[in-house]
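Asker: What follows is the file start12.cif, containing mmCIF, C-alpha atoms:
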data_start
#
loop_
_atom_site.group_PDB
_atom_site.id
_atom_site.type_symbol
_atom_site.label_atom_id
_atom_site.label_comp_id
_atom_site.auth_asym_id
_atom_site.auth_seq_id
_atom_site.Cartn_x
_atom_site.Cartn_y
_atom_site.Cartn_z
ATOM 1 C CA MET A 1 0.000 0.000 0.000
ATOM 2 C CA LEU A 2 2.871 2.397 0.769
ATOM 3 C CA GLY A 3 5.215 1.234 -2.000
ATOM 4 C CA LEU A 4 8.084 0.082 0.249
ATOM 5 C CA SER A 5 11.190 -1.035 -1.680
ATOM 6 C CA PRO A 6 14.785 -2.199 -0.982
ATOM 7 C CA SER A 7 15.992 1.371 -1.525
ATOM 8 C CA ASP A 8 14.028 2.607 1.514
ATOM 9 C CA CYS A 9 15.234 2.861 5.112
ATOM 10 C CA TRP A 10 12.788 2.608 8.021
ATOM 11 C CA LEU A 11 13.517 4.406 11.277
ATOM 12 C CA ALA A 12 12.813 2.191 14.311
ATOM 13 C CA CYS A 13 12.537 4.204 17.527
ATOM 14 C CA LEU A 14 9.690 2.175 19.045
ATOM 15 C CA PRO A 15 10.378 -0.646 21.539
ATOM 16 C CA LEU A 16 11.147 -3.887 19.703
ATOM 17 C CA PHE A 17 9.115 -5.842 22.271
ATOM 18 C CA HIS A 18 6.023 -4.023 20.976
ATOM 19 C CA VAL A 19 4.271 -5.352 17.861
ATOM 20 C CA ALA A 20 4.720 -2.007 16.074
ATOM 21 C CA GLY A 21 8.471 -2.111 16.699
ATOM 22 C CA ILE A 22 9.077 -5.718 15.719
ATOM 23 C CA GLY A 23 6.807 -5.167 12.717
ATOM 24 C CA ILE A 24 9.415 -2.816 11.252
ATOM 25 C CA LEU A 25 11.977 -5.615 11.288
ATOM 26 C CA VAL A 26 9.502 -8.045 9.735
ATOM 27 C CA ARG A 27 8.811 -5.585 6.919
ATOM 28 C CA SER A 28 12.534 -5.227 6.290
ATOM 29 C CA VAL A 29 12.829 -9.000 5.815
ATOM 30 C CA LEU A 30 9.822 -9.100 3.479
ATOM 31 C CA THR A 31 10.841 -6.120 1.325
ATOM 32 C CA GLY A 32 14.632 -5.958 1.656
ATOM 33 C CA CYS A 33 14.593 -2.394 2.985
ATOM 34 C CA SER A 34 17.144 -1.337 5.572
ATOM 35 C CA VAL A 35 16.373 -0.264 9.147
ATOM 36 C CA GLU A 36 17.998 2.354 11.372
ATOM 37 C CA VAL A 37 17.432 1.283 14.987
ATOM 38 C CA HIS A 38 17.566 3.853 17.779
ATOM 39 C CA GLU A 39 18.072 2.759 21.378
ATOM 40 C CA ARG A 40 15.159 4.923 22.497
ATOM 41 C CA PHE A 41 13.018 7.751 21.153
ATOM 42 C CA ASP A 42 14.764 11.099 21.142
ATOM 43 C CA ALA A 43 13.170 13.886 19.103
ATOM 44 C CA ASP A 44 16.494 15.520 18.258
ATOM 45 C CA ALA A 45 18.014 12.190 17.158
ATOM 46 C CA VAL A 46 14.986 11.417 14.992
ATOM 47 C CA ASN A 47 15.146 14.879 13.424
ATOM 48 C CA ALA A 48 18.860 14.400 12.760
ATOM 49 C CA ALA A 49 18.262 11.062 11.018
ATOM 50 C CA ILE A 50 15.531 12.548 8.858
ATOM 51 C CA GLY A 51 17.437 15.766 8.209
ATOM 52 C CA ALA A 52 20.489 13.839 7.054
ATOM 53 C CA GLY A 53 18.354 11.963 4.520
ATOM 54 C CA ARG A 54 19.172 8.570 6.042
ATOM 55 C CA VAL A 55 15.561 7.414 6.493
ATOM 56 C CA THR A 56 12.503 7.513 4.246
ATOM 57 C CA PHE A 57 9.933 5.888 6.578
ATOM 58 C CA ALA A 58 9.270 6.071 10.320
ATOM 59 C CA SER A 59 6.764 4.667 12.804
ATOM 60 C CA LEU A 60 5.618 6.939 15.643
ATOM 61 C CA VAL A 61 2.876 7.161 18.254
ATOM 62 C CA PRO A 62 1.006 10.500 18.497
ATOM 63 C CA THR A 63 3.023 11.788 21.470
ATOM 64 C CA MET A 64 6.271 11.163 19.566
ATOM 65 C CA LEU A 65 5.026 13.095 16.537
ATOM 66 C CA GLN A 66 3.969 15.990 18.757
ATOM 67 C CA ARG A 67 7.433 16.154 20.344
ATOM 68 C CA LEU A 68 9.018 15.904 16.900
ATOM 69 C CA LEU A 69 6.983 18.884 15.701
ATOM 70 C CA ASP A 70 7.926 20.843 18.817
ATOM 71 C CA THR A 71 11.672 20.598 18.133
ATOM 72 C CA PRO A 72 13.264 23.632 16.428
ATOM 73 C CA SER A 73 14.604 21.557 13.524
ATOM 74 C CA ALA A 74 11.190 20.113 12.579
ATOM 75 C CA SER A 75 10.592 22.861 10.006
ATOM 76 C CA ALA A 76 13.651 21.788 8.020
ATOM 77 C CA LEU A 77 12.620 18.189 7.263
ATOM 78 C CA PRO A 78 13.629 17.193 3.701
ATOM 79 C CA ALA A 79 11.462 15.810 0.926
ATOM 80 C CA GLY A 80 13.208 12.437 1.282
ATOM 81 C CA LEU A 81 10.859 11.501 4.127
ATOM 82 C CA ARG A 82 8.125 9.540 2.347
ATOM 83 C CA CYS A 83 5.885 8.483 5.198
ATOM 84 C CA VAL A 84 5.413 8.541 8.964
ATOM 85 C CA MET A 85 3.092 5.745 10.070
ATOM 86 C CA LEU A 86 1.080 6.986 13.016
ATOM 87 C CA GLY A 87 -0.760 4.718 15.459
ATOM 88 C CA GLY A 88 -0.667 3.019 18.823
ATOM 89 C CA GLY A 89 -3.554 5.081 20.179
ATOM 90 C CA PRO A 90 -6.147 7.702 19.246
ATOM 91 C CA VAL A 91 -4.760 10.137 16.667
ATOM 92 C CA PRO A 92 -6.071 13.691 17.275
ATOM 93 C CA PRO A 93 -7.152 15.309 13.976
ATOM 94 C CA ALA A 94 -5.496 18.556 15.097
ATOM 95 C CA LEU A 95 -2.148 16.734 15.283
ATOM 96 C CA VAL A 96 -2.624 15.318 11.789
ATOM 97 C CA GLU A 97 -3.440 18.765 10.425
ATOM 98 C CA ARG A 98 -0.376 20.216 12.154
ATOM 99 C CA ALA A 99 1.813 17.566 10.534
ATOM 100 C CA ILE A 100 0.327 18.323 7.124
ATOM 101 C CA ALA A 101 1.045 22.029 7.625
ATOM 102 C CA ALA A 102 4.670 21.145 8.476
ATOM 103 C CA GLY A 103 5.000 19.096 5.289
ATOM 104 C CA ILE A 104 5.296 15.753 7.086
ATOM 105 C CA PRO A 105 3.642 12.930 5.094
ATOM 106 C CA VAL A 106 1.728 11.090 7.827
ATOM 107 C CA ALA A 107 -0.236 7.863 7.427
ATOM 108 C CA PRO A 108 -2.715 7.364 10.302
ATOM 109 C CA THR A 109 -3.329 3.703 11.091
ATOM 110 C CA TYR A 110 -5.512 1.448 13.204
ATOM 111 C CA GLY A 111 -4.418 -1.894 14.561
ATOM 112 C CA LEU A 112 -3.953 -4.123 17.562
ATOM 113 C CA THR A 113 -1.559 -6.834 18.662
ATOM 114 C CA GLU A 114 -4.112 -9.641 18.304
ATOM 115 C CA ALA A 115 -4.591 -8.749 14.622
ATOM 116 C CA GLY A 116 -0.882 -8.893 13.824
ATOM 117 C CA SER A 117 -0.622 -5.128 14.254
ATOM 118 C CA THR A 118 -1.835 -2.979 11.354
ATOM 119 C CA VAL A 119 -5.455 -3.351 10.221
ATOM 120 C CA THR A 120 -6.096 -0.118 8.291
ATOM 121 C CA VAL A 121 -3.878 2.578 6.791
ATOM 122 C CA LEU A 122 -4.668 6.008 5.348
ATOM 123 C CA PRO A 123 -1.986 6.787 2.717
ATOM 124 C CA PRO A 124 -0.356 10.240 2.986
ATOM 125 C CA ASP A 125 -1.922 11.473 -0.255
ATOM 126 C CA GLU A 126 -5.429 10.950 1.202
ATOM 127 C CA VAL A 127 -4.860 12.457 4.640
ATOM 128 C CA ALA A 128 -5.726 16.059 3.775
ATOM 129 C CA SER A 129 -9.246 15.092 2.683
ATOM 130 C CA ARG A 130 -9.870 12.755 5.661
ATOM 131 C CA PRO A 131 -7.714 13.885 8.642
ATOM 132 C CA SER A 132 -9.983 12.068 11.113
ATOM 133 C CA SER A 133 -9.881 8.691 9.366
ATOM 134 C CA ALA A 134 -7.690 5.642 10.031
ATOM 135 C CA GLY A 135 -7.980 4.553 6.403
ATOM 136 C CA ARG A 136 -9.098 1.333 4.753
ATOM 137 C CA PRO A 137 -8.142 -2.302 5.468
ATOM 138 C CA LEU A 138 -4.911 -3.804 4.213
ATOM 139 C CA SER A 139 -5.093 -6.436 1.489
ATOM 140 C CA GLY A 140 -6.322 -9.720 2.971
ATOM 141 C CA THR A 141 -7.892 -8.006 5.986
ATOM 142 C CA GLU A 142 -11.606 -7.359 6.497
ATOM 143 C CA ILE A 143 -13.346 -5.107 8.999
ATOM 144 C CA LEU A 144 -16.955 -5.034 10.095
ATOM 145 C CA VAL A 145 -18.661 -2.439 12.272
ATOM 146 C CA ALA A 146 -21.442 -4.208 14.140
ATOM 147 C CA ASP A 147 -23.767 -4.050 17.123
ATOM 148 C CA GLU A 148 -23.502 -6.280 20.207
ATOM 149 C CA ARG A 149 -25.110 -9.213 18.335
ATOM 150 C CA GLY A 150 -22.671 -8.961 15.440
ATOM 151 C CA THR A 151 -25.203 -7.416 13.064
ATOM 152 C CA PRO A 152 -23.598 -4.876 10.701
ATOM 153 C CA VAL A 153 -24.623 -1.278 11.352
ATOM 154 C CA GLN A 154 -25.266 1.314 8.653
ATOM 155 C CA SER A 155 -22.564 3.605 7.273
ATOM 156 C CA GLY A 156 -21.852 6.411 9.714
ATOM 157 C CA GLN A 157 -23.403 4.537 12.642
ATOM 158 C CA LEU A 158 -21.303 3.753 15.710
ATOM 159 C CA GLY A 159 -20.524 0.123 16.504
ATOM 160 C CA GLU A 160 -17.800 -2.272 17.585
ATOM 161 C CA ILE A 161 -14.937 -2.813 15.132
ATOM 162 C CA LEU A 162 -14.553 -6.489 14.181
ATOM 163 C CA VAL A 163 -11.562 -7.843 12.240
ATOM 164 C CA ARG A 164 -11.109 -10.974 10.124
ATOM 165 C CA SER A 165 -7.771 -11.957 8.613
ATOM 166 C CA ASP A 166 -5.228 -14.777 8.450
ATOM 167 C CA THR A 167 -3.026 -12.601 10.677
ATOM 168 C CA VAL A 168 -5.476 -12.651 13.603
ATOM 169 C CA ALA A 169 -4.074 -14.552 16.591
ATOM 170 C CA THR A 170 -5.884 -17.520 18.102
ATOM 171 C CA THR A 171 -4.845 -16.751 21.676
ATOM 172 C CA THR A 172 -3.924 -13.683 23.702
ATOM 173 C CA ILE A 173 -0.444 -13.047 25.111
ATOM 174 C CA GLU A 174 -1.689 -14.580 28.357
ATOM 175 C CA GLY A 175 -2.707 -17.760 26.506
ATOM 176 C CA ARG A 176 -6.474 -17.174 26.607
ATOM 177 C CA PRO A 177 -8.511 -17.575 23.387
ATOM 178 C CA VAL A 178 -9.117 -14.232 21.705
ATOM 179 C CA GLU A 179 -12.718 -13.050 21.879
ATOM 180 C CA ARG A 180 -14.500 -13.834 18.633
ATOM 181 C CA LEU A 181 -17.976 -13.395 17.208
ATOM 182 C CA ASP A 182 -18.911 -15.701 14.311
ATOM 183 C CA GLY A 183 -15.247 -15.914 13.271
ATOM 184 C CA TRP A 184 -14.572 -12.182 13.663
ATOM 185 C CA LEU A 185 -12.104 -10.829 16.223
ATOM 186 C CA ARG A 186 -13.848 -8.575 18.737
ATOM 187 C CA THR A 187 -11.489 -5.636 19.175
ATOM 188 C CA GLY A 188 -13.395 -3.842 21.941
ATOM 189 C CA ASP A 189 -12.954 -0.625 19.951
ATOM 190 C CA LEU A 190 -15.828 1.537 18.742
ATOM 191 C CA GLY A 191 -15.934 3.309 15.396
ATOM 192 C CA TRP A 192 -17.801 3.764 12.146
ATOM 193 C CA GLU A 193 -17.259 3.468 8.385
ATOM 194 C CA ASP A 194 -18.212 5.977 5.728
ATOM 195 C CA ARG A 195 -19.804 4.975 2.420
ATOM 196 C CA GLU A 196 -16.376 4.582 0.781
ATOM 197 C CA GLY A 197 -15.203 2.081 3.392
ATOM 198 C CA TYR A 198 -12.914 4.414 5.367
ATOM 199 C CA LEU A 199 -12.726 3.624 9.078
ATOM 200 C CA TYR A 200 -13.089 6.217 11.843
ATOM 201 C CA VAL A 201 -12.072 5.057 15.329
ATOM 202 C CA ALA A 202 -14.005 6.560 18.254
ATOM 203 C CA ASP A 203 -12.647 4.986 21.444
ATOM 204 C CA ARG A 204 -12.406 1.816 23.516
ATOM 205 C CA ARG A 205 -15.801 0.305 24.331
ATOM 206 C CA THR A 206 -14.823 0.104 28.001
ATOM 207 C CA ASP A 207 -13.876 3.818 28.054
ATOM 208 C CA LEU A 208 -17.367 4.950 27.035
ATOM 209 C CA VAL A 209 -18.832 7.400 29.576
ATOM 210 C CA VAL A 210 -22.604 7.398 30.104
ATOM 211 C CA THR A 211 -23.679 10.712 31.639
ATOM 212 C CA GLY A 212 -27.254 11.948 31.863
ATOM 213 C CA GLY A 213 -28.317 9.187 29.482
ATOM 214 C CA GLU A 214 -25.840 10.337 26.805
ATOM 215 C CA ASN A 215 -22.896 8.317 25.481
ATOM 216 C CA VAL A 216 -19.677 10.357 25.561
ATOM 217 C CA MET A 217 -16.444 9.259 23.923
ATOM 218 C CA PRO A 218 -13.433 10.492 25.959
ATOM 219 C CA ALA A 219 -11.283 10.659 22.814
ATOM 220 C CA GLU A 220 -13.695 13.164 21.241
ATOM 221 C CA VAL A 221 -13.530 15.440 24.283
ATOM 222 C CA GLU A 222 -9.736 15.106 24.358
ATOM 223 C CA ALA A 223 -9.554 16.095 20.676
ATOM 224 C CA VAL A 224 -11.486 19.296 21.386
ATOM 225 C CA LEU A 225 -9.270 20.163 24.359
ATOM 226 C CA LEU A 226 -6.138 19.597 22.279
ATOM 227 C CA GLU A 227 -7.301 22.208 19.764
ATOM 228 C CA HIS A 228 -6.576 24.908 22.358
ATOM 229 C CA PRO A 229 -3.018 26.270 21.971
ATOM 230 C CA ALA A 230 -2.462 26.267 25.755
ATOM 231 C CA VAL A 231 -3.168 22.522 26.069
ATOM 232 C CA LEU A 232 -0.230 20.184 25.541
ATOM 233 C CA GLU A 233 -1.868 16.879 26.498
ATOM 234 C CA ALA A 234 -5.343 15.873 27.657
ATOM 235 C CA GLY A 235 -6.890 12.799 29.244
ATOM 236 C CA VAL A 236 -10.603 12.295 29.900
ATOM 237 C CA TYR A 237 -12.254 9.568 31.984
ATOM 238 C CA GLY A 238 -15.531 8.985 33.788
ATOM 239 C CA ARG A 239 -16.011 9.272 37.562
ATOM 240 C CA PRO A 240 -18.791 7.377 39.389
ATOM 241 C CA ASP A 241 -21.644 9.687 40.288
#
Spell out the structure here as structure tokens.
Answerer:
Amino acid sequence: MLGLSPSDCWLACLPLFHVAGIGILVRSVLTGCSVEVHERFDADAVNAAIGAGRVTFASLVPTMLQRLLDTPSASALPAGLRCVMLGGGPVPPALVERAIAAGIPVAPTYGLTEAGSTVTVLPPDEVASRPSSAGRPLSGTEILVADERGTPVQSGQLGEILVRSDTVATTTIEGRPVERLDGWLRTGDLGWEDREGYLYVADRRTDLVVTGGENVMPAEVEAVLLEHPAVLEAGVYGRPD
């Protein structure tokens, strides 16, 4: 989907014990691309690697991208950087738009360990038109947005994200069978699809806050708070009342 080739170099500054980190090494074996491995994430070191033209791809979580944009050298990133895969948690649209303004080609993703990591990707050339989307499924991967019974919901309607693919694990890290529904992996994440099949991730099902009879997604409130220039980070959760 991203056109990775042996001439590319992927920057690995995520922990290799995490599926997103080890996935970089797997991709290098499959495609023949090289990998530059950093001992830990350091915004200045990442900027230096990109600025020197040594890497063309990188994988970051939202907090890493924010710190990268906050470094003084972020405005001098070269055109050699082809893509920054962004995932590992909710991706605030304001952060995506900030990256676009800085000329950083980001690719928001959605995935989880039990699905072999990446499930959907939004290529950089589509981000400007859909900054809130996590993209469409990878080849060989299917997603279904359904209600509690597993019945598909209509486009634009909120439901649980289900995944079906040969990459889906049969057991959890703890050795328990993964939760399935008619052969689909139950992710526990809520979201919706538009009519073109693009996925929009709302939040974890267990994070949903019910207040005054209304369903509130913490990630949506956090996204609004993060739009304020005085807010660096935001976390929202429900308190018993």
Asker: Return as an mmCIF file with C-alpha atoms, in the frame of the given file the set of residues that the PyMOL selection byres ((chain A and resi 111) around 12) yields on the displayed structure.
Answerer:
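Produced file out06.cif, reproduced below:
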data_model
loop_
_atom_site.group_PDB
_atom_site.id
_atom_site.type_symbol
_atom_site.label_atom_id
_atom_site.label_comp_id
_atom_site.auth_asym_id
_atom_site.auth_seq_id
_atom_site.Cartn_x
_atom_site.Cartn_y
_atom_site.Cartn_z
ATOM 1 C CA VAL A 19 4.271 -5.352 17.861
ATOM 2 C CA ALA A 20 4.720 -2.007 16.074
ATOM 3 C CA GLY A 23 6.807 -5.167 12.717
ATOM 4 C CA MET A 85 3.092 5.745 10.070
ATOM 5 C CA LEU A 86 1.080 6.986 13.016
ATOM 6 C CA GLY A 87 -0.760 4.718 15.459
ATOM 7 C CA GLY A 88 -0.667 3.019 18.823
ATOM 8 C CA GLY A 89 -3.554 5.081 20.179
ATOM 9 C CA PRO A 90 -6.147 7.702 19.246
ATOM 10 C CA PRO A 108 -2.715 7.364 10.302
ATOM 11 C CA THR A 109 -3.329 3.703 11.091
ATOM 12 C CA TYR A 110 -5.512 1.448 13.204
ATOM 13 C CA LEU A 112 -3.953 -4.123 17.562
ATOM 14 C CA THR A 113 -1.559 -6.834 18.662
ATOM 15 C CA GLU A 114 -4.112 -9.641 18.304
ATOM 16 C CA ALA A 115 -4.591 -8.749 14.622
ATOM 17 C CA GLY A 116 -0.882 -8.893 13.824
ATOM 18 C CA SER A 117 -0.622 -5.128 14.254
ATOM 19 C CA THR A 118 -1.835 -2.979 11.354
ATOM 20 C CA VAL A 119 -5.455 -3.351 10.221
ATOM 21 C CA THR A 120 -6.096 -0.118 8.291
ATOM 22 C CA VAL A 121 -3.878 2.578 6.791
ATOM 23 C CA ALA A 134 -7.690 5.642 10.031
ATOM 24 C CA GLY A 135 -7.980 4.553 6.403
ATOM 25 C CA ARG A 136 -9.098 1.333 4.753
ATOM 26 C CA PRO A 137 -8.142 -2.302 5.468
ATOM 27 C CA LEU A 138 -4.911 -3.804 4.213
ATOM 28 C CA THR A 141 -7.892 -8.006 5.986
ATOM 29 C CA ILE A 143 -13.346 -5.107 8.999
ATOM 30 C CA ILE A 161 -14.937 -2.813 15.132
ATOM 31 C CA LEU A 162 -14.553 -6.489 14.181
ATOM 32 C CA VAL A 163 -11.562 -7.843 12.240
ATOM 33 C CA THR A 167 -3.026 -12.601 10.677
ATOM 34 C CA VAL A 168 -5.476 -12.651 13.603
ATOM 35 C CA LEU A 185 -12.104 -10.829 16.223
ATOM 36 C CA THR A 187 -11.489 -5.636 19.175
ATOM 37 C CA GLY A 188 -13.395 -3.842 21.941
ATOM 38 C CA ASP A 189 -12.954 -0.625 19.951
ATOM 39 C CA LEU A 199 -12.726 3.624 9.078
ATOM 40 C CA VAL A 201 -12.072 5.057 15.329
#
Asker: List every protein, DNA or RNA residue with an atom no more than 9 Å from (-19.9, 5.8, 8.7) in the file's coordinates, counting only C-alpha atoms, and format the result as a list of chain:residue names.
Answerer: A:Val153, A:Gln154, A:Ser155, A:Gly156, A:Gln157, A:Leu158, A:Gly191, A:Trp192, A:Glu193, A:Asp194, A:Arg195, A:Glu196, A:Gly197, A:Tyr198, A:Leu199, A:Tyr200
Asker: I want to know what sits within 6 Å of segment 53-61 of chain A, based on all atoms listed in the file, with residues of the same chain fewer than 4 positions away left out; could you give that as a list in words?
Answerer: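 Those residues are Asp8, Cys9, Trp10, Leu11, Ala49, Gly80, Leu81, Arg82, Cys83, Val84, Met85, Leu86, Gly87 and Gly88 of chain A.
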Asker: Work out how far atom CA of Arg204 of chain A is from atom CA of Val236 of chain A, in Å to one decimal.
Answerer: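 Interatomic distance here is 12.4 Å.
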Asker: Residues picked by the PyMOL selection byres ((chain A and resi 69) around 12) here, as a ChimeraX atom specification?
Answerer: /A:43-44,46-47,62-68,70-77,95-104
Asker: On this structure, the PyMOL selection byres ((chain A and resi 214-216) around 12) would catch which residues? List them as a VMD selection string, sorted by chain and number.
Answerer: chain A and resid 158 190 202 to 213 217 to 222 236 to 238
Asker: When you look at Glu126 of chain A with a cut-off of 10 Å (counting all atoms listed in the file), what residues show up, excluding the ones that are within fewer than 5 positions of it in the same chain? I need them as JSON, numbers by chain.
Answerer: {"A": [106, 107, 131, 133, 135]}
Asker: Using Å and a single decimal, report how far atom CA of Leu2 of chain A sits from atom CA of Val127 of chain A.
Answerer: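 Calculated distance between atom CA of Val127 of chain A and atom CA of Leu2 of chain A is 13.3 Å.
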Asker: Just how far from atom CA of His38 of chain A is atom CA of Phe17 of chain A, in Å to one decimal?
Answerer: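 Those two atoms sit 13.6 Å apart.
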Asker: Closest to Gly32 of chain A among A:Gly140, A:Pro6, A:Pro105, A:Pro93, using all atoms listed in the file?
Answerer: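 Ranked by minimum distance to Gly32 of chain A, first place goes to A:Pro6.
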Asker: Counting only C-alpha atoms, figure out which residue out of A:Trp184, A:Arg130, A:Gly175, A:Glu233 gets nearest to Glu142 of chain A.
Answerer: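 Nearest candidate to Glu142 of chain A out of A:Trp184, A:Arg130, A:Gly175, A:Glu233: A:Trp184.
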Asker: Go through A:Leu30, A:Ala94, A:Thr170, A:Val37 and flag the residue nearest Leu4 of chain A, using all atoms listed in the file for the distances.
Answerer: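 Smallest separation from Leu4 of chain A among the options: A:Leu30.
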Asker: Edge lengths and centre, in Å to one decimal, as JSON: that's what I need for the box along x, y and z that holds all listed atoms of segment 160-166 of chain A plus 4 Å on each side.
Answerer:
{"center_x": -11.5, "center_y": -8.5, "center_z": 13.0, "size_x": 20.6, "size_y": 20.5, "size_z": 17.1}
Asker: Which residue is closest to Val35 of chain A? Choose from A:Leu232, A:Leu226, A:Leu181, A:Ile22 and count only C-alpha atoms.
Answerer: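 Nearest candidate to Val35 of chain A out of A:Leu232, A:Leu226, A:Leu181, A:Ile22: A:Ile22.
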